[in-house]
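Novice: Input file: data23.cif. Contents: mmCIF, C-alpha atoms and all ligand atoms.
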```
data_model
loop_
_atom_site.group_PDB
_atom_site.id
_atom_site.type_symbol
_atom_site.label_atom_id
_atom_site.label_comp_id
_atom_site.auth_asym_id
_atom_site.auth_seq_id
_atom_site.Cartn_x
_atom_site.Cartn_y
_atom_site.Cartn_z
ATOM 1 C CA MET A 9 93.217 134.163 121.847
ATOM 2 C CA LYS A 10 93.748 130.563 122.913
ATOM 3 C CA LYS A 11 95.152 130.211 126.365
ATOM 4 C CA ILE A 12 98.471 128.619 127.185
ATOM 5 C CA GLN A 13 99.732 128.258 130.714
ATOM 6 C CA ASP A 14 102.098 131.212 130.959
ATOM 7 C CA TYR A 15 104.692 130.564 133.627
ATOM 8 C CA ASP A 16 106.272 133.954 132.973
ATOM 9 C CA SER A 17 103.143 135.796 134.096
ATOM 10 C CA ILE A 18 103.081 134.009 137.463
ATOM 11 C CA ASN A 19 106.862 134.088 137.817
ATOM 12 C CA TYR A 20 106.990 130.356 138.337
ATOM 13 C CA ASP A 21 110.255 128.463 138.402
ATOM 14 C CA TYR A 22 109.450 124.971 137.170
ATOM 15 C CA ARG A 23 112.555 123.599 138.877
ATOM 16 C CA CYS A 24 110.719 123.886 142.229
ATOM 17 C CA TYR A 25 108.011 121.552 141.016
ATOM 18 C CA TRP A 26 110.383 118.615 140.652
ATOM 19 C CA LYS A 27 112.016 118.863 144.084
ATOM 20 C CA ASP A 28 109.425 116.578 145.739
ATOM 21 C CA ARG A 29 108.719 114.477 142.698
ATOM 22 C CA GLU A 30 111.766 112.295 142.305
ATOM 23 C CA TYR A 31 109.675 109.184 141.726
ATOM 24 C CA GLU A 32 107.677 110.791 138.877
ATOM 25 C CA ASN A 33 110.817 112.322 137.376
ATOM 26 C CA LEU A 34 112.683 108.995 137.338
ATOM 27 C CA SER A 35 109.638 107.082 136.155
ATOM 28 C CA GLU A 36 109.350 109.416 133.153
ATOM 29 C CA GLN A 37 113.067 109.304 132.413
ATOM 30 C CA ARG A 38 113.012 105.491 132.493
ATOM 31 C CA ILE A 39 110.341 105.238 129.824
ATOM 32 C CA LEU A 40 111.929 107.913 127.639
ATOM 33 C CA LYS A 41 115.291 106.125 127.791
ATOM 34 C CA LYS A 42 113.540 102.950 126.688
ATOM 35 C CA ILE A 43 111.764 104.633 123.748
ATOM 36 C CA LEU A 44 114.830 106.630 122.647
ATOM 37 C CA LYS A 45 117.304 103.773 123.114
ATOM 38 C CA ASP A 46 117.976 103.104 119.439
ATOM 39 C CA LYS A 47 116.906 106.483 118.146
ATOM 40 C CA ASN A 48 119.141 109.073 116.563
ATOM 41 C CA GLY A 49 118.929 111.432 113.641
ATOM 42 C CA ILE A 50 118.929 115.007 112.481
ATOM 43 C CA SER A 51 116.483 117.022 114.544
ATOM 44 C CA PHE A 52 114.493 116.558 117.743
ATOM 45 C CA ILE A 53 112.198 119.050 119.435
ATOM 46 C CA ASP A 54 111.292 119.053 123.129
ATOM 47 C CA ILE A 55 108.039 121.038 123.170
ATOM 48 C CA GLY A 56 107.398 122.641 126.554
ATOM 49 C CA GLY A 57 110.813 121.474 127.720
ATOM 50 C CA ALA A 58 111.058 124.441 130.135
ATOM 51 C CA TYR A 59 114.489 124.623 131.792
ATOM 52 C CA GLY A 60 115.659 121.423 130.074
ATOM 53 C CA ARG A 61 114.889 118.751 132.670
ATOM 54 C CA LEU A 62 115.065 116.039 129.994
ATOM 55 C CA THR A 63 117.684 117.510 127.646
ATOM 56 C CA ASP A 64 120.356 114.955 128.547
ATOM 57 C CA LEU A 65 118.160 112.144 127.241
ATOM 58 C CA TYR A 66 118.235 113.363 123.638
ATOM 59 C CA LYS A 67 120.846 116.059 123.038
ATOM 60 C CA ASP A 68 123.647 113.703 121.988
ATOM 61 C CA LYS A 69 121.421 111.537 119.815
ATOM 62 C CA PHE A 70 120.341 114.265 117.404
ATOM 63 C CA GLU A 71 122.333 116.802 115.424
ATOM 64 C CA ILE A 72 119.855 119.608 116.080
ATOM 65 C CA PRO A 73 118.283 119.268 119.555
ATOM 66 C CA ILE A 74 115.662 121.972 120.114
ATOM 67 C CA LEU A 75 114.319 123.081 123.489
ATOM 68 C CA PHE A 76 111.023 124.861 122.797
ATOM 69 C CA ASP A 77 108.969 126.633 125.445
ATOM 70 C CA TYR A 78 106.467 129.444 125.935
ATOM 71 C CA SER A 79 108.309 130.654 129.021
ATOM 72 C CA LEU A 80 111.325 132.790 128.285
ATOM 73 C CA LYS A 81 112.253 132.821 131.963
ATOM 74 C CA ASN A 82 112.434 129.038 132.132
ATOM 75 C CA LEU A 83 114.466 128.854 128.913
ATOM 76 C CA LYS A 84 116.937 131.332 130.359
ATOM 77 C CA LYS A 85 117.425 128.973 133.286
ATOM 78 C CA ALA A 86 118.258 126.090 130.965
ATOM 79 C CA GLN A 87 121.780 124.844 131.456
ATOM 80 C CA PHE A 88 123.962 126.469 128.894
ATOM 81 C CA ASP A 89 124.853 123.942 126.266
ATOM 82 C CA LYS A 90 125.913 125.272 122.897
ATOM 83 C CA LYS A 91 124.424 122.307 121.121
ATOM 84 C CA VAL A 92 120.885 122.795 122.426
ATOM 85 C CA ILE A 93 118.889 125.374 120.467
ATOM 86 C CA ARG A 94 116.537 127.318 122.747
ATOM 87 C CA ILE A 95 113.378 128.638 121.119
ATOM 88 C CA CYS A 96 110.669 130.637 122.854
ATOM 89 C CA GLY A 97 107.340 130.420 121.065
ATOM 90 C CA ASP A 98 103.691 129.487 120.863
ATOM 91 C CA ILE A 99 102.661 125.850 120.315
ATOM 92 C CA TYR A 100 99.655 126.977 118.211
ATOM 93 C CA ASN A 101 101.889 128.789 115.745
ATOM 94 C CA MET A 102 105.342 127.268 115.729
ATOM 95 C CA PRO A 103 108.076 128.977 113.679
ATOM 96 C CA PHE A 104 108.930 125.907 111.600
ATOM 97 C CA LYS A 105 108.332 124.769 108.039
ATOM 98 C CA ASP A 106 105.996 121.826 107.381
ATOM 99 C CA ASP A 107 107.574 118.418 108.134
ATOM 100 C CA SER A 108 110.888 120.145 108.827
ATOM 101 C CA ILE A 109 111.680 118.539 112.212
ATOM 102 C CA GLN A 110 112.284 114.835 112.262
ATOM 103 C CA SER A 111 111.078 113.900 115.713
ATOM 104 C CA GLY A 112 110.273 115.150 119.154
ATOM 105 C CA MET A 113 108.335 114.924 122.361
ATOM 106 C CA SER A 114 106.012 116.840 124.600
ATOM 107 C CA ILE A 115 105.975 115.769 128.225
ATOM 108 C CA ARG A 116 103.625 117.228 130.852
ATOM 109 C CA VAL A 117 102.538 119.960 128.491
ATOM 110 C CA LEU A 118 99.211 119.019 126.953
ATOM 111 C CA HIS A 119 97.335 119.495 130.236
ATOM 112 C CA HIS A 120 98.312 123.178 130.130
ATOM 113 C CA ILE A 121 96.931 123.709 126.628
ATOM 114 C CA GLU A 122 93.392 125.057 126.335
ATOM 115 C CA ASP A 123 92.919 123.793 122.772
ATOM 116 C CA PRO A 124 94.764 120.456 122.630
ATOM 117 C CA GLU A 125 93.352 119.580 119.198
ATOM 118 C CA SER A 126 94.965 122.618 117.570
ATOM 119 C CA ALA A 127 98.237 121.956 119.389
ATOM 120 C CA ILE A 128 98.350 118.331 118.185
ATOM 121 C CA LYS A 129 97.535 119.492 114.650
ATOM 122 C CA GLU A 130 100.480 121.865 114.772
ATOM 123 C CA ILE A 131 102.773 119.108 116.104
ATOM 124 C CA GLY A 132 101.643 116.947 113.169
ATOM 125 C CA ARG A 133 102.389 119.772 110.772
ATOM 126 C CA VAL A 134 105.994 120.367 111.806
ATOM 127 C CA THR A 135 107.250 116.811 112.527
ATOM 128 C CA SER A 136 108.051 114.193 109.911
ATOM 129 C CA ASP A 137 108.930 110.910 111.619
ATOM 130 C CA PHE A 138 108.021 110.145 115.256
ATOM 131 C CA PHE A 139 106.714 111.944 118.317
ATOM 132 C CA ILE A 140 106.334 111.039 122.000
ATOM 133 C CA LEU A 141 103.191 112.611 123.434
ATOM 134 C CA GLU A 142 102.429 112.530 127.136
ATOM 135 C CA PHE A 143 98.991 113.322 128.518
ATOM 136 C CA ALA A 144 97.336 113.361 131.941
ATOM 137 C CA ASN A 145 95.001 110.371 132.097
ATOM 138 C CA LYS A 146 91.519 111.186 133.378
ATOM 139 C CA ASN A 147 90.641 107.489 133.561
ATOM 140 C CA ASN A 148 93.559 106.402 135.725
ATOM 141 C CA PHE A 149 92.934 103.641 138.257
ATOM 142 C CA LEU A 150 92.866 105.814 141.378
ATOM 143 C CA SER A 151 90.487 108.260 139.790
ATOM 144 C CA LEU A 152 88.143 105.451 138.670
ATOM 145 C CA LEU A 153 88.269 103.981 142.150
ATOM 146 C CA ARG A 154 87.271 107.330 143.626
ATOM 147 C CA ASN A 155 84.348 107.425 141.172
ATOM 148 C CA LYS A 156 83.346 103.850 142.079
ATOM 149 C CA PHE A 157 83.947 102.729 138.469
ATOM 150 C CA ASN A 158 80.835 104.548 137.320
ATOM 151 C CA PRO A 159 80.578 103.671 133.570
ATOM 152 C CA LYS A 160 79.301 107.144 132.748
ATOM 153 C CA PHE A 161 82.522 108.592 134.035
ATOM 154 C CA ILE A 162 84.765 106.017 132.325
ATOM 155 C CA ASP A 163 83.147 106.354 128.899
ATOM 156 C CA LYS A 164 83.341 110.101 128.765
ATOM 157 C CA ASP A 165 85.171 110.708 125.563
ATOM 158 C CA THR A 166 86.644 114.070 126.310
ATOM 159 C CA TYR A 167 88.574 115.934 128.949
ATOM 160 C CA GLU A 168 87.908 117.728 132.191
ATOM 161 C CA ILE A 169 89.418 120.138 134.626
ATOM 162 C CA PRO A 170 90.298 118.572 137.980
ATOM 163 C CA HIS A 171 88.270 119.894 140.891
ATOM 164 C CA LYS A 172 91.120 120.204 143.300
ATOM 165 C CA SER A 173 93.781 122.780 142.713
ATOM 166 C CA ASP A 174 97.372 121.674 142.890
ATOM 167 C CA SER A 175 98.662 121.109 146.408
ATOM 168 C CA GLN A 176 100.914 124.153 146.113
ATOM 169 C CA GLY A 177 97.992 126.328 145.163
ATOM 170 C CA TYR A 178 99.650 128.125 142.274
ATOM 171 C CA LEU A 179 97.544 126.458 139.601
ATOM 172 C CA ASN A 180 94.252 128.028 140.685
ATOM 173 C CA ASP A 181 92.676 129.653 137.702
ATOM 174 C CA GLN A 182 95.189 128.204 135.279
ATOM 175 C CA VAL A 183 94.771 125.758 132.414
ATOM 176 C CA PHE A 184 94.926 122.231 133.791
ATOM 177 C CA LEU A 185 93.214 119.416 131.889
ATOM 178 C CA ASN A 186 92.913 115.646 132.255
ATOM 179 C CA PHE A 187 92.091 113.633 129.141
ATOM 180 C CA SER A 188 90.401 110.362 128.331
ATOM 181 C CA PRO A 189 92.777 108.120 126.330
ATOM 182 C CA ASN A 190 90.112 107.784 123.599
ATOM 183 C CA PHE A 191 89.975 111.502 123.054
ATOM 184 C CA ILE A 192 93.747 111.746 122.603
ATOM 185 C CA LYS A 193 93.965 108.677 120.368
ATOM 186 C CA LYS A 194 91.197 109.983 118.094
ATOM 187 C CA THR A 195 92.874 113.373 117.901
ATOM 188 C CA VAL A 196 96.319 112.024 116.963
ATOM 189 C CA LEU A 197 94.792 109.723 114.310
ATOM 190 C CA LYS A 198 93.029 112.737 112.804
ATOM 191 C CA ASN A 199 96.386 114.478 112.594
ATOM 192 C CA LYS A 200 98.541 112.153 110.498
ATOM 193 C CA PHE A 201 99.833 109.919 113.307
ATOM 194 C CA PHE A 202 99.706 106.188 114.065
ATOM 195 C CA VAL A 203 99.832 105.072 117.713
ATOM 196 C CA LYS A 204 102.727 102.597 117.817
ATOM 197 C CA GLY A 205 103.263 102.312 121.559
ATOM 198 C CA ILE A 206 101.369 103.042 124.795
ATOM 199 C CA TYR A 207 103.153 103.333 128.147
ATOM 200 C CA SER A 208 101.557 103.889 131.522
ATOM 201 C CA VAL A 209 103.880 105.999 133.697
ATOM 202 C CA SER A 210 104.057 107.185 137.340
ATOM 203 C CA ASN A 211 101.710 104.323 138.181
ATOM 204 C CA PHE A 212 102.292 104.667 141.925
ATOM 205 C CA ARG A 213 101.806 108.415 142.178
ATOM 206 C CA GLU A 214 100.062 108.322 145.513
ATOM 207 C CA ARG A 215 101.290 110.170 148.557
ATOM 208 C CA ASN A 216 101.086 107.260 151.022
ATOM 209 C CA LEU A 217 102.623 104.698 148.667
ATOM 210 C CA LYS A 218 105.524 107.040 148.019
ATOM 211 C CA LYS A 219 105.976 107.510 151.772
ATOM 212 C CA VAL A 220 105.877 103.808 152.666
ATOM 213 C CA PHE A 221 107.855 102.171 149.877
ATOM 214 C CA PRO A 222 111.406 102.966 148.805
ATOM 215 C CA LEU A 223 111.819 104.702 145.469
ATOM 216 C CA LYS A 224 113.790 101.882 143.866
ATOM 217 C CA PHE A 225 111.164 99.355 144.843
ATOM 218 C CA LEU A 226 108.349 101.364 143.243
ATOM 219 C CA LEU A 227 110.363 101.874 140.071
ATOM 220 C CA SER A 228 111.161 98.170 139.715
ATOM 221 C CA LEU A 229 107.507 97.257 140.352
ATOM 222 C CA GLU A 230 106.639 99.666 137.583
ATOM 223 C CA ASP A 231 109.012 97.870 135.211
ATOM 224 C CA ILE A 232 107.489 94.498 136.074
ATOM 225 C CA PHE A 233 103.873 95.555 135.581
ATOM 226 C CA ARG A 234 104.317 98.087 132.792
ATOM 227 C CA GLY A 235 102.864 95.783 130.115
ATOM 228 C CA ILE A 236 99.593 95.160 131.889
ATOM 229 C CA PHE A 237 99.346 98.701 133.333
ATOM 230 C CA SER A 238 99.739 100.163 129.868
ATOM 231 C CA LYS A 239 97.010 97.954 128.411
ATOM 232 C CA ILE A 240 94.457 99.203 130.946
ATOM 233 C CA TYR A 241 95.672 102.841 131.136
ATOM 234 C CA PHE A 242 96.343 102.342 134.837
ATOM 235 C CA GLY A 243 98.565 105.324 135.568
ATOM 236 C CA PRO A 244 97.924 109.075 135.788
ATOM 237 C CA SER A 245 100.377 109.806 132.996
ATOM 238 C CA ILE A 246 100.316 108.071 129.602
ATOM 239 C CA PHE A 247 103.104 108.255 127.038
ATOM 240 C CA LEU A 248 102.166 107.566 123.418
ATOM 241 C CA TYR A 249 104.813 106.695 120.885
ATOM 242 C CA LEU A 250 103.487 108.073 117.588
ATOM 243 C CA GLU A 251 104.712 107.696 114.036
ATOM 244 C CA LYS A 252 103.719 109.847 111.101
ATOM 245 C CA ARG A 253 101.429 108.005 108.663
ATOM 246 C CA ASP A 254 102.857 109.564 105.589
ATOM 247 C CA LYS A 255 106.552 110.071 106.274
ATOM 248 C CA LYS A 256 107.769 112.930 104.119
ATOM 249 C CA ASN A 257 111.437 112.528 104.975
ATOM 250 C CA LYS A 258 111.856 116.252 104.564
ATOM 251 C CA SER A 259 113.841 116.854 107.744
ATOM 252 C CA TYR A 260 116.248 119.630 107.013
ATOM 253 C CA LYS A 261 119.869 119.416 108.008
ATOM 254 C CA ARG A 262 120.408 123.011 109.104
ATOM 255 C CA LEU A 263 118.498 125.136 111.594
ATOM 256 C CA GLU A 264 118.241 127.929 108.997
ATOM 257 C CA ASP A 265 116.244 125.580 106.773
ATOM 258 C CA ILE A 266 113.786 124.779 109.561
ATOM 259 C CA LEU A 267 112.970 128.210 111.007
ATOM 260 C CA ILE A 268 110.499 130.633 109.456
ATOM 261 C CA CYS A 269 109.237 134.095 110.352
ATOM 262 C CA ILE A 270 105.906 133.807 112.187
ATOM 263 C CA LYS A 271 104.612 137.024 110.569
ATOM 264 C CA CYS A 272 105.390 136.566 106.859
ATOM 265 C CA LYS A 273 106.461 132.882 106.815
ATOM 266 C CA GLY A 274 109.673 133.971 105.094
ATOM 267 C CA GLU A 275 113.064 132.378 105.732
ATOM 268 C CA LEU A 276 115.370 133.628 108.457
ATOM 269 C CA LYS A 277 119.051 134.359 108.272
ATOM 270 C CA GLU A 278 120.877 134.291 111.600
ATOM 271 C CA GLY A 279 117.503 134.724 113.258
ATOM 272 C CA LYS A 280 116.528 137.751 111.186
ATOM 273 C CA CYS A 281 113.709 138.102 108.683
ATOM 274 C CA ASN A 282 114.769 140.372 105.872
ATOM 275 C CA LYS A 283 111.259 140.915 104.600
ATOM 276 C CA CYS A 284 109.600 142.273 107.722
ATOM 277 C CA LYS A 285 112.774 143.363 109.521
ATOM 278 C CA ILE A 286 112.270 141.348 112.661
ATOM 279 C CA ASN A 287 115.135 139.941 114.693
ATOM 280 C CA TYR A 288 114.195 136.798 116.565
ATOM 281 C CA LEU A 289 117.628 135.980 117.994
ATOM 282 C CA ASP A 290 118.255 137.717 121.296
ATOM 283 C CA LYS A 291 121.525 138.488 123.067
ATOM 284 C CA SER A 292 121.373 135.402 125.266
ATOM 285 C CA GLY A 293 121.267 133.147 122.205
ATOM 286 C CA ILE A 294 117.559 132.339 122.514
ATOM 287 C CA PHE A 295 115.323 132.553 119.461
ATOM 288 C CA ASN A 296 112.495 134.629 120.860
ATOM 289 C CA PHE A 297 109.290 134.395 118.839
ATOM 290 C CA ARG A 298 107.150 135.805 121.647
ATOM 291 C CA SER A 299 108.707 139.257 121.852
ATOM 292 C CA PRO A 300 111.146 139.714 118.988
ATOM 293 C CA LEU A 301 112.906 142.975 118.205
ATOM 294 C CA LYS A 302 112.211 145.126 115.171
ATOM 295 C CA ILE A 303 115.403 145.974 113.260
ATOM 296 C CA ASP A 304 115.921 149.204 111.324
HETATM 297 ZN ZN ZN B 401 108.998 138.077 108.148
#
```
Let me see the structure of the file written as structure tokens.

Specialist:
Amino acid sequence: MKKIQDYDSINYDYRCYWKDREYENLSEQRILKKILKDKNGISFIDIGGAYGRLTDLYKDKFEIPILFDYSLKNLKKAQFDKKVIRICGDIYNMPFKDDSIQSGMSIRVLHHIEDPESAIKEIGRVTSDFFILEFANKNNFLSLLRNKFNPKFIDKDTYEIPHKSDSQGYLNDQVFLNFSPNFIKKTVLKNKFFVKGIYSVSNFRERNLKKVFPLKFLLSLEDIFRGIFSKIYFGPSIFLYLEKRDKKNKSYKRLEDILICIKCKGELKEGKCNKCKINYLDKSGIFNFRSPLKID
């Protein structure tokens, strides 16, 4: 089975991660606000949205905002908001009909996915209009500097696992990948997407810089240099704004029209599949496709 970073198995609360990363958090929110400024519509999916760090940026713009994550524990921590649909499931086998969700995003997720090509294929299958895909950039400026701009390293058209474990140590042994921009661009093109925008984000993610300069200063520098930074893939985190090549315009207006049973691909009614008698809707209001209940 393909591996996905399972935060439930290591009992990890993703909220802790962001405590010391205000600069990165705000840098990401800034770019998402810019991309989503004039966007609205029927449905939007936040794949790997965990406890809903970014929910406020999209929930009022779309009629059906979906928070999708593999970690049930993190979804349970999501702020209760009736409008946001929480779905626990597997990115390789999402419980949605083809082209049924209009748009979405996946931020800080791809580096935890062992088979990114299959995940991107599945994203292309379920979305019909646009998608914002973030990936960890192997060829970021600091990393190239450390490698003395060795062309062999720069041209590598794939991805790699960083040598150092995360500073907190909890990521030892876990899926953690950095990608070359070429690899990601080729993969999205193969999967029915056009790349319409490239944004370099968290450009000053460096411990000493963050210590010396005030947060606001770094963020405004980022705004000033974003154009040039994005052209050269300067930062450690790249956001791609993707549009579907062949827009099907099939986005369904009701959640019931979007969801399918992951076993028999049949339709669900109030979270239940009548064919194989599985109930995916749990008591807390989360659609749980990881460990659903059998109904009699
Ligand atoms: Zn079924």

Novice: Counting only C-alpha atoms and all ligand atoms, which residues of chain A fall within 9 Å of ligand ZN 401 (chain B), and what is the closest atom pair for each with its distance in Å at one decimal, ordered by chain and rising number, as a Markdown table?

Specialist:
```
| residue | atom | partner | partner_atom | distance |
| --- | --- | --- | --- | --- |
| A:Ile268 | CA | B:ZN401 | ZN | 7.7 |
| A:Cys269 | CA | B:ZN401 | ZN | 4.6 |
| A:Ile270 | CA | B:ZN401 | ZN | 6.6 |
| A:Lys271 | CA | B:ZN401 | ZN | 5.1 |
| A:Cys272 | CA | B:ZN401 | ZN | 4.1 |
| A:Lys273 | CA | B:ZN401 | ZN | 5.9 |
| A:Gly274 | CA | B:ZN401 | ZN | 5.2 |
| A:Glu275 | CA | B:ZN401 | ZN | 7.4 |
| A:Leu276 | CA | B:ZN401 | ZN | 7.8 |
| A:Lys280 | CA | B:ZN401 | ZN | 8.1 |
| A:Cys281 | CA | B:ZN401 | ZN | 4.7 |
| A:Asn282 | CA | B:ZN401 | ZN | 6.6 |
| A:Lys283 | CA | B:ZN401 | ZN | 5.1 |
| A:Cys284 | CA | B:ZN401 | ZN | 4.3 |
| A:Lys285 | CA | B:ZN401 | ZN | 6.6 |
| A:Ile286 | CA | B:ZN401 | ZN | 6.5 |
```

Novice: Go ahead and save the picked residues with C-alpha atoms, as a compact mmCIF listing (two decimals), in the coordinates of the input.

Specialist:
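Below you can see result-v3.txt, which holds the result:
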```txt
# COMPACT_ATOMS: atom_id res chain seq x y z
CA ILE A 268 110.50 130.63 109.46
CA CYS A 269 109.24 134.10 110.35
CA ILE A 270 105.91 133.81 112.19
CA LYS A 271 104.61 137.02 110.57
CA CYS A 272 105.39 136.57 106.86
CA LYS A 273 106.46 132.88 106.82
CA GLY A 274 109.67 133.97 105.09
CA GLU A 275 113.06 132.38 105.73
CA LEU A 276 115.37 133.63 108.46
CA LYS A 280 116.53 137.75 111.19
CA CYS A 281 113.71 138.10 108.68
CA ASN A 282 114.77 140.37 105.87
CA LYS A 283 111.26 140.92 104.60
CA CYS A 284 109.60 142.27 107.72
CA LYS A 285 112.77 143.36 109.52
CA ILE A 286 112.27 141.35 112.66
```

Novice: So which one's closest to Ile294 of chain A, A:Asp64, A:Glu278, A:Asp46, A:Asp54? Using all atoms listed in the file, please.

Specialist: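 Checking each of A:Asp64, A:Glu278, A:Asp46, A:Asp54 against Ile294 of chain A, counting all atoms listed in the file, the winner is A:Glu278.
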
Novice: Apply the PyMOL selection byres (((chain A and resi 126) around 12) and not hetatm) to the file shown and report the selected residues as an MDAnalysis selection string.

Specialist: chainID A and resid 10:12 98:102 118 121:125 127:133 195:196 198:199

Novice: One decimal, in Å: what's the spacing between atom CA of Glu251 of chain A and atom CA of Asp265 of chain A?

Specialist: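 Spanning atom CA of Glu251 of chain A to atom CA of Asp265 of chain A is a straight-line distance of 22.5 Å.
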
Novice: What do you get, as a ChimeraX atom specification, if you spell out every residue that the PyMOL selection byres (((chain A and resi 150) around 12) and not hetatm) selects here?

Specialist: /A:145-149,151-157,210-215,241-245

Novice: Evaluate the PyMOL selection byres (((chain A and resi 80) around 9) and not hetatm) here and jot the selected residues down as a PyMOL selection string.

Specialist: chain A and resi 15-16+58+77-79+81-85+95-97+294+296+298

Novice: So, with all atoms listed in the file as the atoms that count, which of A:Lys105, A:Lys218, A:Lys194, A:His119 lies closest to Glu264 of chain A?

Specialist: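 Of all the options, A:Lys105 lies closest to Glu264 of chain A.
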
Novice: Pick the closest to Asp137 of chain A from A:Glu230, A:Asp254, A:Asp106, A:Asp89: which is it, counting all atoms listed in the file?

Specialist: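 Among the listed residues, A:Asp254 lies closest to Asp137 of chain A.
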
Novice: Which residue gives the smallest distance to Ile93 of chain A among A:Asp107, A:Glu32, A:Glu71, A:Asp231, with all atoms listed in the file counted?

Specialist: A:Glu71

Novice: Separation of atom CA of Phe295 of chain A and atom CA of Gly279 of chain A, in Å?

Specialist: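 These two atoms are separated by 6.9 Å.
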
Novice: Using only C-alpha atoms for the distances, tell me which of A:Asn190, A:Ser51, A:Thr63, A:Asn216 is nearest to Gly112 of chain A.

Specialist: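 Going through A:Asn190, A:Ser51, A:Thr63, A:Asn216 one by one, the smallest distance to Gly112 of chain A is for A:Ser51.
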
Novice: Just checking: using all atoms listed in the file, which residue out of A:Lys90, A:Gly235, A:Lys47, A:Ile246 ends up closest to Phe143 of chain A?

Specialist: A:Ile246

Novice: Kindly compute an axis-aligned box around the listed atoms of segment 248-266 of chain A, allowing 6 Å on each side, and express its centre and edge lengths in Å to one decimal as AutoDock Vina command-line options.

Specialist:
```
--center_x 110.9 --center_y 117.3 --center_z 113.8 --size_x 31.0 --size_y 33.2 --size_z 31.3
```

Novice: Every residue with an atom at most 12 Å from (119.6, 119.2, 116.4) (file coordinates; all atoms listed in the file) is what I'm after, so could you write them as a PyMOL selection string?

Specialist: chain A and resi 48-54+63+66-75+90-94+108-112+259-264+266

Novice: For atom CA of Leu141 of chain A and atom CA of Lys224 of chain A, quote the distance in Å rounded to one decimal.

Specialist: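 Distance reported for this atom pair: 25.4 Å.
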